[in-house]
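Asker: This is the structure, below, for whatever I ask next.
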Number of protein chains: 2
Amino acid sequence: MIKVVMDCFGGDGSPRANADGAIAALGKNADLYMILSGDEAQIKEALSGKKYPAERLEILHAPTVIGCDEKPTEAIRAKRDSSMMAAAELLRTDETVAGMVSVGSTGALIAATTLRVGRLPGVMRPAFCPILPTMTGGIVGICDSGAVVDCSPEMLKQFAVMGSVYLQSAFGIESPRAALLNIGTESEKGDKLRKETYPLLEQLEGVNFVGNMESRDLLTGKYDLIVCDGFSGNVLIKTTEGACLEMLKMLKKNIYSSWKYKLGALLQKKMFSQIKEFMNYQNYGGSVILGARKTVVKGHGSSDARAIEVCIDQVCRAENARMNEKISEALSGHTAS
Amino acid sequence: MIKVVMDCFGGDGSPRANADGAIAALGKNADLYMILSGDEAQIKEALSGKKYPAERLEILHAPTVIGCDEKPTEAIRAKRDSSMMAAAELLRTDETVAGMVSVGSTGALIAATTLRVGRLPGVMRPAFCPILPTMTGGIVGICDSGAVVDCSPEMLKQFAVMGSVYLQSAFGIESPRAALLNIGTESEKGDKLRKETYPLLEQLEGVNFVGNMESRDLLTGKYDLIVCDGFSGNVLIKTTEGACLEMLKMLKKNIYSSWKYKLGALLQKKMFSQIKEFMNYQNYGGSVILGARKTVVKGHGSSDARAIEVCIDQVCRAENARMNEKISEALSGHTAS
């Protein structure tokens, strides 16, 4: 039995999308037990009329919600009765609960994870590792994408270790090709942080370090894991998201400008829906917070039921693969060496 | 008369593309005088058979070329007889020469500009400011995009001033909306550098600071100037380039997978060529190095004649708009205050 607690509030579709996602996950995984945290009445309403295995679902009442505009560290102190903090508290105290899913405030979740759930032994700072699809049909992870904006070389080294273990254990990539995000591929390139990090990664045992990566190669399929500080990782992922979105918008606008183009698009309807589906980040799950004592997955604020189901599945996969144990082992090896 | 010196080597199409670009620029601008630096025999060969006003074109013989794989600071010392260094030396010593264009090694050019051409009074570090098209038909400048990878808040402040003057004087944007690249729009967001820079930009007179920008909004047309350190600016521009390119590649691959899609694309042929033209960075010129004592424009290594012509035009526009004088004035105002 894998127990997962879900923060049912804070997303655009909450609590309905969260409830539906939980029900879908329960339907697919007979080994799953869900705890939904948040306002009991609202969750009950979201569940009403739905078919689900009631013996594997419980509600953890928490009347308030942390908003995305609240200051994370203040909010997690002031709102202990919030859906997110109740979930984090359960995760902290109940050793039978394996992990947590939230689509709420990113800052609050990272603060709650670090300060309440705690870190694995030896982890300096937990990091986000979102997954993107590549143009060759594979995936690429970015660690860190925004949890730690001021980084030391030692932290980047840990991101390389944790990200590699994650891709191995949750996605079955045997020897993930890890690259350091930089402004050029030559080994001497970059700012002070990159110049100091490069030799650390070169010497790192157990990580398949393949050198520097230029950001234009993110989606090419040449790399499995991008190691970066949270600031530039955030720029990397949001720029990709923005550029792809604006391109699609431009295409759409252009197509609507002429009947000939519209006719062409009609012939390509299936193709466009496939591309849209391929690019739909909801299919690739949320960002796992690596280095936390338990698996915490942050889903996108606009997650629908399907996306939330994938996030829940991520917790299960990490648990089945004993990801956190493996991260601990890998890090202790490096600390000892 | 505006005198421009051009490094004729170091690009994929050099020296032919450079020569053709110079000839095109001379044809359009009767006030332009070009000096082409590089191996005389090769330049003469590239010019042979072409029609151009010989009285407004001269060759500055320089037999060697700095390669993109050479260490910039070593190369600019060792290869004083290179096309790039000869051009930089002329720019330094001949007060009648207004500016320089190069498509060669970026690192060498920034080193040559800083160490040989020199900075405007008060400028801490010269910065790159490339221009991208936005989806609303406008442009957006990014300063810095890779010249200065380790930045202080004071440097970012100067980038905001220099970039604003550039967009005003070379593109006629009256009050450029300048934003600080960050991981969220709220004023308290970001790493140490961003947190320290934000209040400086807020207090900056003469700069229309509109707050933080998330990288996903780069192409939306909401901003005219993005202020950032060279590391994250480089990530920003290269990620955009890469994502757009990979999207187009994916579209192409999909279209070729079925006759129906191909037929659709045939109907959209004109549209796709318009989109390609819109996205062709060659139309938007090179990156101006702001803060140098004279205008230096770095064109893309794969620039064709048309792209080089635009780079030459950028020097002329900056000269006509007295850009460097205005940057000096703006910076001295801020230094004094």
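Naming works like this for the structure tokens: A, B, ... for the chains as they're shown, residue 1 at the start of each chain, ligands 1 onward in shown order.
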What residues in chain A lie within 6 Å of chain B, counting only C-alpha atoms, written as a PDB file with C-alpha atoms, in the first residue's frame?
Answerer:
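Once written, part04.pdb looks like this:
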```pdb
ATOM      1  CA  VAL A 149      18.266  30.762  -6.779  1.00  0.00           C
ATOM      2  CA  ASP A 150      21.627  31.432  -5.125  1.00  0.00           C
ATOM      3  CA  ASP A 191      30.700  32.618 -15.032  1.00  0.00           C
ATOM      4  CA  SER A 215      20.520  26.361 -23.912  1.00  0.00           C
ATOM      5  CA  ARG A 216      19.557  26.157 -27.566  1.00  0.00           C
ATOM      6  CA  SER A 232      18.922  30.202 -14.865  1.00  0.00           C
ATOM      7  CA  VAL A 235      14.756  31.151 -17.212  1.00  0.00           C
ATOM      8  CA  LYS A 238       9.929  29.397 -18.791  1.00  0.00           C
ATOM      9  CA  THR A 239      11.591  30.702 -21.950  1.00  0.00           C
ATOM     10  CA  THR A 240      11.004  27.347 -23.618  1.00  0.00           C
ATOM     11  CA  GLY A 242       6.902  30.955 -23.658  1.00  0.00           C
ATOM     12  CA  ALA A 243       8.593  30.555 -27.032  1.00  0.00           C
ATOM     13  CA  LYS A 260      -6.520  29.009 -47.960  1.00  0.00           C
ATOM     14  CA  TYR A 261      -4.442  28.671 -44.811  1.00  0.00           C
ATOM     15  CA  GLY A 264      -4.589  23.747 -45.143  1.00  0.00           C
ATOM     16  CA  LEU A 267      -6.073  18.913 -43.577  1.00  0.00           C
ATOM     17  CA  GLN A 268      -3.514  19.055 -40.752  1.00  0.00           C
TER      18      GLN A 268
END
```
Asker: Produce the least-squares-superposed copy of chain A, fitted on chain B over all in-order C-alpha pairs, as a compact mmCIF listing (two decimals) with C-alpha atoms, in the first residue's frame.
Answerer:
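Output (selection-v4.txt):
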```txt
# COMPACT_ATOMS: atom_id res chain seq x y z
CA MET A 1 30.62 60.75 -44.49
CA ILE A 2 30.39 57.77 -42.11
CA LYS A 3 33.43 55.51 -42.09
CA VAL A 4 32.89 51.89 -41.05
CA VAL A 5 35.59 49.25 -40.80
CA MET A 6 34.60 45.64 -41.37
CA ASP A 7 36.39 42.52 -40.24
CA CYS A 8 35.98 40.46 -43.42
CA PHE A 9 36.76 37.07 -41.88
CA GLY A 10 35.60 34.66 -39.19
CA GLY A 11 32.06 33.98 -40.47
CA ASP A 12 30.68 30.96 -42.32
CA GLY A 13 30.31 32.96 -45.52
CA SER A 14 33.45 35.06 -45.18
CA PRO A 15 34.86 36.94 -46.98
CA ARG A 16 32.28 36.76 -49.81
CA ALA A 17 29.18 37.53 -47.68
CA ASN A 18 31.05 40.38 -45.97
CA ALA A 19 32.13 41.89 -49.30
CA ASP A 20 28.65 41.55 -50.79
CA GLY A 21 27.09 43.08 -47.68
CA ALA A 22 29.48 46.02 -47.83
CA ILE A 23 28.72 46.58 -51.52
CA ALA A 24 24.97 46.51 -50.84
CA ALA A 25 25.34 49.00 -47.97
CA LEU A 26 27.48 51.31 -50.13
CA GLY A 27 24.82 51.17 -52.84
CA LYS A 28 22.09 52.26 -50.46
CA ASN A 29 24.00 54.86 -48.50
CA ALA A 30 25.92 57.46 -50.52
CA ASP A 31 27.34 58.82 -47.28
CA LEU A 32 29.06 55.56 -46.34
CA TYR A 33 32.76 54.74 -46.64
CA MET A 34 33.83 51.14 -46.03
CA ILE A 35 37.21 49.75 -44.99
CA LEU A 36 37.45 45.99 -45.36
CA SER A 37 40.10 44.37 -43.19
CA GLY A 38 41.63 40.96 -43.90
CA ASP A 39 43.74 39.15 -46.43
CA GLU A 40 43.96 41.53 -49.37
CA ALA A 41 44.12 38.90 -52.10
CA GLN A 42 41.06 37.08 -50.83
CA ILE A 43 39.06 40.27 -50.39
CA LYS A 44 40.02 41.40 -53.87
CA GLU A 45 38.86 38.07 -55.22
CA ALA A 46 35.56 38.43 -53.37
CA LEU A 47 35.12 41.89 -54.87
CA SER A 48 36.19 40.97 -58.39
CA GLY A 49 33.57 41.35 -61.05
CA LYS A 50 31.29 43.23 -58.64
CA LYS A 51 30.10 46.78 -59.21
CA TYR A 52 30.83 49.14 -56.35
CA PRO A 53 31.96 52.73 -55.78
CA ALA A 54 35.72 52.11 -55.54
CA GLU A 55 36.31 55.62 -54.21
CA ARG A 56 34.36 54.73 -51.08
CA LEU A 57 35.91 51.33 -50.39
CA GLU A 58 39.41 50.47 -49.27
CA ILE A 59 41.15 47.32 -48.10
CA LEU A 60 43.18 47.11 -44.90
CA HIS A 61 45.52 44.16 -45.33
CA ALA A 62 45.63 41.74 -42.36
CA PRO A 63 46.79 38.23 -43.22
CA THR A 64 45.55 36.11 -40.28
CA VAL A 65 42.17 35.22 -38.76
CA ILE A 66 41.15 34.61 -35.14
CA GLY A 67 39.28 31.31 -34.94
CA CYS A 68 36.25 30.76 -32.73
CA ASP A 69 38.08 28.01 -30.86
CA GLU A 70 40.95 30.27 -29.79
CA LYS A 71 41.13 31.72 -26.28
CA PRO A 72 39.99 35.32 -26.71
CA THR A 73 42.50 37.18 -24.55
CA GLU A 74 45.42 35.12 -25.87
CA ALA A 75 44.25 35.43 -29.48
CA ILE A 76 43.91 39.20 -29.41
CA ARG A 77 47.45 39.49 -28.06
CA ALA A 78 49.03 36.91 -30.36
CA LYS A 79 47.23 37.85 -33.57
CA ARG A 80 47.67 41.59 -33.95
CA ASP A 81 47.85 40.98 -37.71
CA SER A 82 44.40 39.38 -37.78
CA SER A 83 41.43 40.85 -39.65
CA MET A 84 39.65 41.55 -36.37
CA MET A 85 42.57 43.14 -34.53
CA ALA A 86 43.55 45.27 -37.53
CA ALA A 87 39.99 46.59 -37.64
CA ALA A 88 39.94 47.21 -33.90
CA GLU A 89 43.30 48.96 -34.06
CA LEU A 90 42.10 51.24 -36.85
CA LEU A 91 38.96 51.99 -34.86
CA ARG A 92 41.13 52.86 -31.87
CA THR A 93 43.58 55.12 -33.67
CA ASP A 94 41.60 56.75 -36.47
CA GLU A 95 39.12 59.21 -35.03
CA THR A 96 37.35 59.50 -38.40
CA VAL A 97 36.24 55.85 -38.26
CA ALA A 98 32.81 55.65 -36.60
CA GLY A 99 32.39 51.98 -35.99
CA MET A 100 33.15 48.36 -36.76
CA VAL A 101 31.31 45.23 -37.84
CA SER A 102 32.50 41.67 -37.22
CA VAL A 103 30.98 38.22 -37.55
CA GLY A 104 34.03 36.54 -35.99
CA SER A 105 34.73 35.13 -32.52
CA THR A 106 32.38 36.72 -29.99
CA GLY A 107 34.81 36.38 -27.11
CA ALA A 108 37.68 37.88 -29.07
CA LEU A 109 35.53 40.76 -30.26
CA ILE A 110 34.36 41.68 -26.79
CA ALA A 111 37.95 41.43 -25.51
CA ALA A 112 39.26 43.51 -28.42
CA THR A 113 36.52 46.10 -27.89
CA THR A 114 37.12 46.39 -24.16
CA LEU A 115 40.92 46.28 -24.25
CA ARG A 116 41.72 48.02 -27.56
CA VAL A 117 38.83 50.25 -28.56
CA GLY A 118 38.09 51.16 -24.96
CA ARG A 119 35.03 52.15 -23.03
CA LEU A 120 33.04 55.35 -22.83
CA PRO A 121 33.83 57.34 -19.67
CA GLY A 122 32.09 55.84 -16.63
CA VAL A 123 31.16 52.53 -18.29
CA MET A 124 32.05 49.61 -16.03
CA ARG A 125 31.73 46.90 -18.69
CA PRO A 126 30.51 47.04 -22.31
CA ALA A 127 27.47 44.83 -22.91
CA PHE A 128 25.78 43.09 -25.83
CA CYS A 129 22.31 44.18 -26.82
CA PRO A 130 20.78 41.92 -29.48
CA ILE A 131 17.32 42.64 -30.85
CA LEU A 132 14.54 40.09 -31.29
CA PRO A 133 11.18 40.46 -33.04
CA THR A 134 8.11 40.21 -30.81
CA MET A 135 4.87 38.49 -31.70
CA THR A 136 3.08 41.84 -31.84
CA GLY A 137 5.31 43.11 -34.63
CA GLY A 138 7.67 45.12 -32.44
CA ILE A 139 11.15 44.43 -31.17
CA VAL A 140 12.76 43.66 -27.84
CA GLY A 141 16.37 44.23 -26.80
CA ILE A 142 18.30 42.06 -24.34
CA CYS A 143 21.12 43.70 -22.41
CA ASP A 144 23.41 41.93 -21.58
CA SER A 145 23.28 38.73 -23.61
CA GLY A 146 26.69 37.32 -22.81
CA ALA A 147 29.47 39.91 -22.62
CA VAL A 148 29.53 40.12 -18.81
CA VAL A 149 28.69 36.86 -17.07
CA ASP A 150 29.47 37.93 -13.50
CA CYS A 151 27.55 41.12 -12.81
CA SER A 152 27.06 43.56 -9.97
CA PRO A 153 23.78 45.48 -9.41
CA GLU A 154 25.59 48.65 -10.53
CA MET A 155 26.43 46.99 -13.86
CA LEU A 156 22.81 45.98 -14.42
CA LYS A 157 21.85 49.58 -13.74
CA GLN A 158 24.23 50.70 -16.48
CA PHE A 159 22.82 48.07 -18.87
CA ALA A 160 19.36 49.58 -18.25
CA VAL A 161 20.63 53.06 -19.09
CA MET A 162 22.66 52.04 -22.15
CA GLY A 163 19.93 49.76 -23.52
CA SER A 164 17.31 52.48 -23.13
CA VAL A 165 19.44 55.03 -24.97
CA TYR A 166 20.13 52.50 -27.73
CA LEU A 167 16.45 51.71 -28.29
CA GLN A 168 15.61 55.40 -28.23
CA SER A 169 18.31 56.54 -30.58
CA ALA A 170 18.57 53.63 -33.02
CA PHE A 171 14.93 52.50 -33.11
CA GLY A 172 13.00 55.63 -32.18
CA ILE A 173 11.26 54.06 -29.18
CA GLU A 174 10.53 57.14 -27.12
CA SER A 175 10.34 55.66 -23.65
CA PRO A 176 11.45 52.00 -23.80
CA ARG A 177 9.73 49.81 -21.22
CA ALA A 178 12.67 48.28 -19.38
CA ALA A 179 12.14 45.14 -17.28
CA LEU A 180 14.44 43.16 -15.03
CA LEU A 181 14.64 39.47 -16.00
CA ASN A 182 13.51 37.52 -12.96
CA ILE A 183 11.78 34.34 -11.83
CA GLY A 184 8.53 36.11 -11.00
CA THR A 185 6.98 39.53 -11.43
CA GLU A 186 6.64 40.41 -7.74
CA SER A 187 9.19 42.99 -6.60
CA GLU A 188 10.67 40.81 -3.86
CA LYS A 189 11.39 37.87 -6.19
CA GLY A 190 14.75 36.60 -7.29
CA ASP A 191 18.28 35.87 -6.25
CA LYS A 192 20.63 38.21 -4.39
CA LEU A 193 21.63 40.06 -7.58
CA ARG A 194 18.02 40.73 -8.60
CA LYS A 195 16.95 41.75 -5.09
CA GLU A 196 19.76 44.29 -4.94
CA THR A 197 19.21 45.53 -8.48
CA TYR A 198 15.45 46.09 -8.26
CA PRO A 199 15.55 49.16 -5.98
CA LEU A 200 18.38 50.68 -8.05
CA LEU A 201 16.26 50.42 -11.20
CA GLU A 202 13.20 51.76 -9.40
CA GLN A 203 15.09 54.91 -8.47
CA LEU A 204 16.72 55.31 -11.86
CA GLU A 205 15.76 58.54 -13.56
CA GLY A 206 15.49 58.57 -17.33
CA VAL A 207 14.76 54.84 -17.51
CA ASN A 208 11.16 53.67 -17.80
CA PHE A 209 11.48 50.73 -15.40
CA VAL A 210 8.31 48.64 -15.45
CA GLY A 211 9.33 45.93 -12.95
CA ASN A 212 10.31 42.29 -13.14
CA MET A 213 9.68 40.12 -16.17
CA GLU A 214 9.22 36.37 -16.35
CA SER A 215 11.10 34.86 -19.25
CA ARG A 216 7.97 33.35 -20.75
CA ASP A 217 6.85 36.90 -21.63
CA LEU A 218 9.93 37.78 -23.70
CA LEU A 219 8.19 37.67 -27.08
CA THR A 220 4.79 38.98 -26.05
CA GLY A 221 5.53 42.61 -26.85
CA LYS A 222 4.99 43.78 -23.26
CA TYR A 223 8.59 44.96 -22.92
CA ASP A 224 11.11 46.83 -25.04
CA LEU A 225 14.27 46.12 -23.05
CA ILE A 226 15.21 43.19 -20.85
CA VAL A 227 17.91 43.95 -18.29
CA CYS A 228 19.92 40.92 -17.17
CA ASP A 229 23.37 39.56 -16.41
CA GLY A 230 25.15 38.04 -19.40
CA PHE A 231 24.73 34.48 -18.19
CA SER A 232 20.96 34.47 -17.89
CA GLY A 233 20.62 36.78 -20.89
CA ASN A 234 22.54 34.25 -22.93
CA VAL A 235 20.25 31.48 -21.68
CA LEU A 236 17.24 33.65 -22.52
CA ILE A 237 18.19 34.35 -26.11
CA LYS A 238 19.62 30.94 -26.98
CA THR A 239 16.67 29.10 -25.44
CA THR A 240 14.30 31.21 -27.51
CA GLU A 241 16.32 30.53 -30.64
CA GLY A 242 16.48 26.80 -29.87
CA ALA A 243 12.82 26.38 -28.99
CA CYS A 244 11.60 28.21 -32.11
CA LEU A 245 13.96 26.24 -34.31
CA GLU A 246 13.01 22.88 -32.81
CA MET A 247 9.32 23.74 -33.14
CA LEU A 248 9.75 24.49 -36.84
CA LYS A 249 11.75 21.29 -37.30
CA MET A 250 9.04 19.28 -35.59
CA LEU A 251 6.37 20.87 -37.77
CA LYS A 252 8.36 20.07 -40.89
CA LYS A 253 8.94 16.47 -39.82
CA ASN A 254 5.26 16.03 -39.07
CA ILE A 255 4.17 17.60 -42.34
CA TYR A 256 6.38 15.24 -44.31
CA SER A 257 4.83 12.23 -42.58
CA SER A 258 1.58 12.33 -44.60
CA TRP A 259 0.45 13.48 -48.06
CA LYS A 260 -2.57 15.15 -46.48
CA TYR A 261 -0.37 17.28 -44.24
CA LYS A 262 1.89 18.04 -47.20
CA LEU A 263 -1.08 19.20 -49.22
CA GLY A 264 -2.13 21.41 -46.31
CA ALA A 265 1.36 22.87 -46.15
CA LEU A 266 1.27 23.55 -49.87
CA LEU A 267 -1.75 25.77 -49.28
CA GLN A 268 0.17 27.51 -46.47
CA LYS A 269 3.41 27.90 -48.40
CA LYS A 270 3.31 31.68 -48.43
CA MET A 271 2.42 31.78 -44.74
CA PHE A 272 5.36 29.60 -43.77
CA SER A 273 7.78 31.64 -45.80
CA GLN A 274 6.46 34.80 -44.13
CA ILE A 275 6.89 33.24 -40.70
CA LYS A 276 10.38 32.11 -41.60
CA GLU A 277 11.22 35.58 -42.81
CA PHE A 278 9.74 37.11 -39.66
CA MET A 279 11.85 34.82 -37.50
CA ASN A 280 15.02 35.28 -39.53
CA TYR A 281 17.36 36.98 -37.07
CA GLN A 282 19.42 38.14 -40.00
CA ASN A 283 16.78 40.80 -40.64
CA TYR A 284 17.25 42.31 -37.21
CA GLY A 285 20.96 42.93 -37.40
CA GLY A 286 23.69 42.04 -34.99
CA SER A 287 24.31 42.68 -31.33
CA VAL A 288 25.60 46.15 -30.69
CA ILE A 289 28.28 46.32 -28.00
CA LEU A 290 26.99 49.13 -25.82
CA GLY A 291 29.40 51.20 -23.74
CA ALA A 292 32.30 50.94 -26.14
CA ARG A 293 33.93 54.21 -27.16
CA LYS A 294 32.84 53.57 -30.74
CA THR A 295 29.98 51.52 -32.14
CA VAL A 296 30.90 47.86 -32.57
CA VAL A 297 28.35 45.45 -34.05
CA LYS A 298 28.70 41.69 -33.75
CA GLY A 299 26.86 39.84 -36.49
CA HIS A 300 25.93 36.16 -36.34
CA GLY A 301 28.65 33.76 -37.54
CA SER A 302 26.33 32.52 -40.27
CA SER A 303 25.42 35.99 -41.50
CA ASP A 304 24.72 36.32 -45.20
CA ALA A 305 25.23 39.50 -47.25
CA ARG A 306 21.81 40.85 -46.27
CA ALA A 307 22.53 40.37 -42.55
CA ILE A 308 25.90 42.07 -42.88
CA GLU A 309 24.29 45.00 -44.67
CA VAL A 310 21.90 45.38 -41.71
CA CYS A 311 24.87 45.35 -39.30
CA ILE A 312 26.58 48.12 -41.26
CA ASP A 313 23.32 50.08 -41.22
CA GLN A 314 23.23 49.71 -37.43
CA VAL A 315 26.56 51.51 -37.15
CA CYS A 316 25.25 54.29 -39.37
CA ARG A 317 22.04 54.67 -37.40
CA ALA A 318 23.89 54.80 -34.09
CA GLU A 319 26.26 57.37 -35.53
CA ASN A 320 23.49 59.52 -36.96
CA ALA A 321 21.64 59.39 -33.66
CA ARG A 322 24.81 60.29 -31.71
CA MET A 323 24.18 57.21 -29.58
CA ASN A 324 27.51 57.09 -27.80
CA GLU A 325 27.36 60.76 -26.83
CA LYS A 326 23.89 60.20 -25.42
CA ILE A 327 25.03 57.13 -23.47
CA SER A 328 27.87 59.18 -21.98
CA GLU A 329 25.50 61.96 -21.02
CA ALA A 330 22.97 59.56 -19.50
CA LEU A 331 25.61 57.71 -17.51
CA SER A 332 27.33 60.85 -16.26
CA GLY A 333 23.95 62.08 -15.04
CA HIS A 334 23.52 58.92 -13.03
CA THR A 335 27.06 58.96 -11.74
CA ALA A 336 26.63 62.52 -10.58
CA SER A 337 23.26 61.96 -8.94
```
Asker: DSSP on the backbone: which residues in stretch 21-262 of chain A end up as helix (DSSP H, G or I)? Give the answer as number ranges by chain.
Answerer: A: 21-28, 40-47, 54-56, 72-78, 83-93, 106-117, 153-171, 192-202, 215-217, 230-255, 259-262
Asker: Go ahead and save the picked residues with C-alpha atoms, as a compact mmCIF listing (two decimals), in the first residue's frame.
Answerer:
```txt
# COMPACT_ATOMS: atom_id res chain seq x y z
CA GLY A 21 -7.31 13.13 -10.43
CA ALA A 22 -7.22 11.23 -7.15
CA ILE A 23 -10.19 9.10 -8.18
CA ALA A 24 -8.56 8.29 -11.53
CA ALA A 25 -5.30 7.33 -9.81
CA LEU A 26 -7.15 5.13 -7.30
CA GLY A 27 -8.93 3.41 -10.18
CA LYS A 28 -5.67 2.55 -11.90
CA GLU A 40 -13.98 18.95 4.12
CA ALA A 41 -17.31 20.24 2.85
CA GLN A 42 -15.87 21.39 -0.44
CA ILE A 43 -13.94 18.17 -0.98
CA LYS A 44 -17.04 16.14 -0.20
CA GLU A 45 -18.96 18.18 -2.72
CA ALA A 46 -16.25 17.58 -5.33
CA LEU A 47 -16.44 13.85 -4.63
CA ALA A 54 -14.11 4.85 -0.29
CA GLU A 55 -12.00 2.47 1.79
CA ARG A 56 -8.87 3.86 0.13
CA PRO A 72 5.89 31.83 1.51
CA THR A 73 7.73 31.80 4.83
CA GLU A 74 5.09 33.97 6.51
CA ALA A 75 2.22 31.97 5.03
CA ILE A 76 3.52 28.60 6.17
CA ARG A 77 3.86 29.93 9.70
CA ALA A 78 0.55 31.78 9.82
CA SER A 83 -4.63 22.49 3.01
CA MET A 84 -0.93 22.60 2.13
CA MET A 85 0.42 22.79 5.68
CA ALA A 86 -1.93 20.08 6.94
CA ALA A 87 -0.66 17.81 4.17
CA ALA A 88 2.96 18.69 4.92
CA GLU A 89 2.42 18.11 8.63
CA LEU A 90 0.90 14.69 7.99
CA LEU A 91 3.81 13.85 5.71
CA ARG A 92 6.20 14.89 8.47
CA THR A 93 4.57 12.97 11.29
CA THR A 106 5.42 27.06 -5.39
CA GLY A 107 7.28 29.19 -2.87
CA ALA A 108 5.15 28.00 0.03
CA LEU A 109 5.54 24.37 -1.02
CA ILE A 110 9.30 24.55 -1.21
CA ALA A 111 9.40 26.34 2.15
CA ALA A 112 7.02 23.80 3.71
CA THR A 113 9.05 20.93 2.28
CA THR A 114 12.37 22.28 3.49
CA LEU A 115 11.20 23.49 6.91
CA ARG A 116 8.50 20.95 7.80
CA VAL A 117 9.06 17.74 5.87
CA PRO A 153 29.23 24.68 -6.82
CA GLU A 154 28.67 22.04 -4.13
CA MET A 155 24.89 22.47 -4.50
CA LEU A 156 25.07 22.04 -8.26
CA LYS A 157 27.06 18.87 -7.67
CA GLN A 158 24.24 17.56 -5.48
CA PHE A 159 21.66 18.51 -8.13
CA ALA A 160 23.63 16.39 -10.62
CA VAL A 161 23.58 13.41 -8.25
CA MET A 162 19.92 13.74 -7.25
CA GLY A 163 18.73 14.39 -10.81
CA SER A 164 20.63 11.37 -12.11
CA VAL A 165 19.14 9.08 -9.47
CA TYR A 166 15.66 10.45 -10.21
CA LEU A 167 15.93 9.80 -13.96
CA GLN A 168 17.34 6.35 -13.31
CA SER A 169 14.80 5.27 -10.76
CA ALA A 170 11.62 6.95 -12.00
CA PHE A 171 12.20 6.81 -15.76
CA LYS A 192 32.46 32.00 -11.72
CA LEU A 193 29.84 29.47 -10.58
CA ARG A 194 30.10 27.41 -13.77
CA LYS A 195 33.91 27.53 -13.84
CA GLU A 196 34.05 26.22 -10.28
CA THR A 197 31.35 23.61 -10.84
CA TYR A 198 32.76 22.08 -14.03
CA PRO A 199 35.75 20.29 -12.42
CA LEU A 200 33.53 19.04 -9.57
CA LEU A 201 31.17 17.41 -12.07
CA GLU A 202 34.07 16.01 -14.08
CA SER A 215 20.52 26.36 -23.91
CA ARG A 216 19.56 26.16 -27.57
CA ASP A 217 20.15 22.38 -27.36
CA GLY A 230 17.48 27.77 -9.90
CA PHE A 231 17.61 31.21 -11.46
CA SER A 232 18.92 30.20 -14.87
CA GLY A 233 16.98 26.93 -14.74
CA ASN A 234 13.83 28.94 -14.25
CA VAL A 235 14.76 31.15 -17.21
CA LEU A 236 15.48 28.02 -19.26
CA ILE A 237 12.15 26.32 -18.66
CA LYS A 238 9.93 29.40 -18.79
CA THR A 239 11.59 30.70 -21.95
CA THR A 240 11.00 27.35 -23.62
CA GLU A 241 7.38 27.36 -22.50
CA GLY A 242 6.90 30.95 -23.66
CA ALA A 243 8.59 30.55 -27.03
CA CYS A 244 6.64 27.39 -27.91
CA LEU A 245 3.38 28.99 -26.83
CA GLU A 246 3.99 32.20 -28.76
CA MET A 247 4.97 30.21 -31.85
CA LEU A 248 1.71 28.27 -31.72
CA LYS A 249 -0.24 31.49 -31.18
CA MET A 250 1.46 33.08 -34.17
CA LEU A 251 0.69 30.05 -36.32
CA LYS A 252 -2.95 30.16 -35.28
CA LYS A 253 -3.23 33.89 -35.96
CA ASN A 254 -1.66 33.44 -39.38
CA ILE A 255 -3.86 30.49 -40.26
CA TRP A 259 -9.30 30.78 -46.07
CA LYS A 260 -6.52 29.01 -47.96
CA TYR A 261 -4.44 28.67 -44.81
CA LYS A 262 -7.53 27.56 -42.90
```
Asker: From a DSSP pass on the backbone, collect the residues of stretch 84-309 of chain B flagged as strand (DSSP E or B) and hand them back as a PyMOL selection string.
Answerer: chain B and resi 97-102+119+127-129+131-133+139-143+177-182+208-214+225-227+287-290+292+295-298
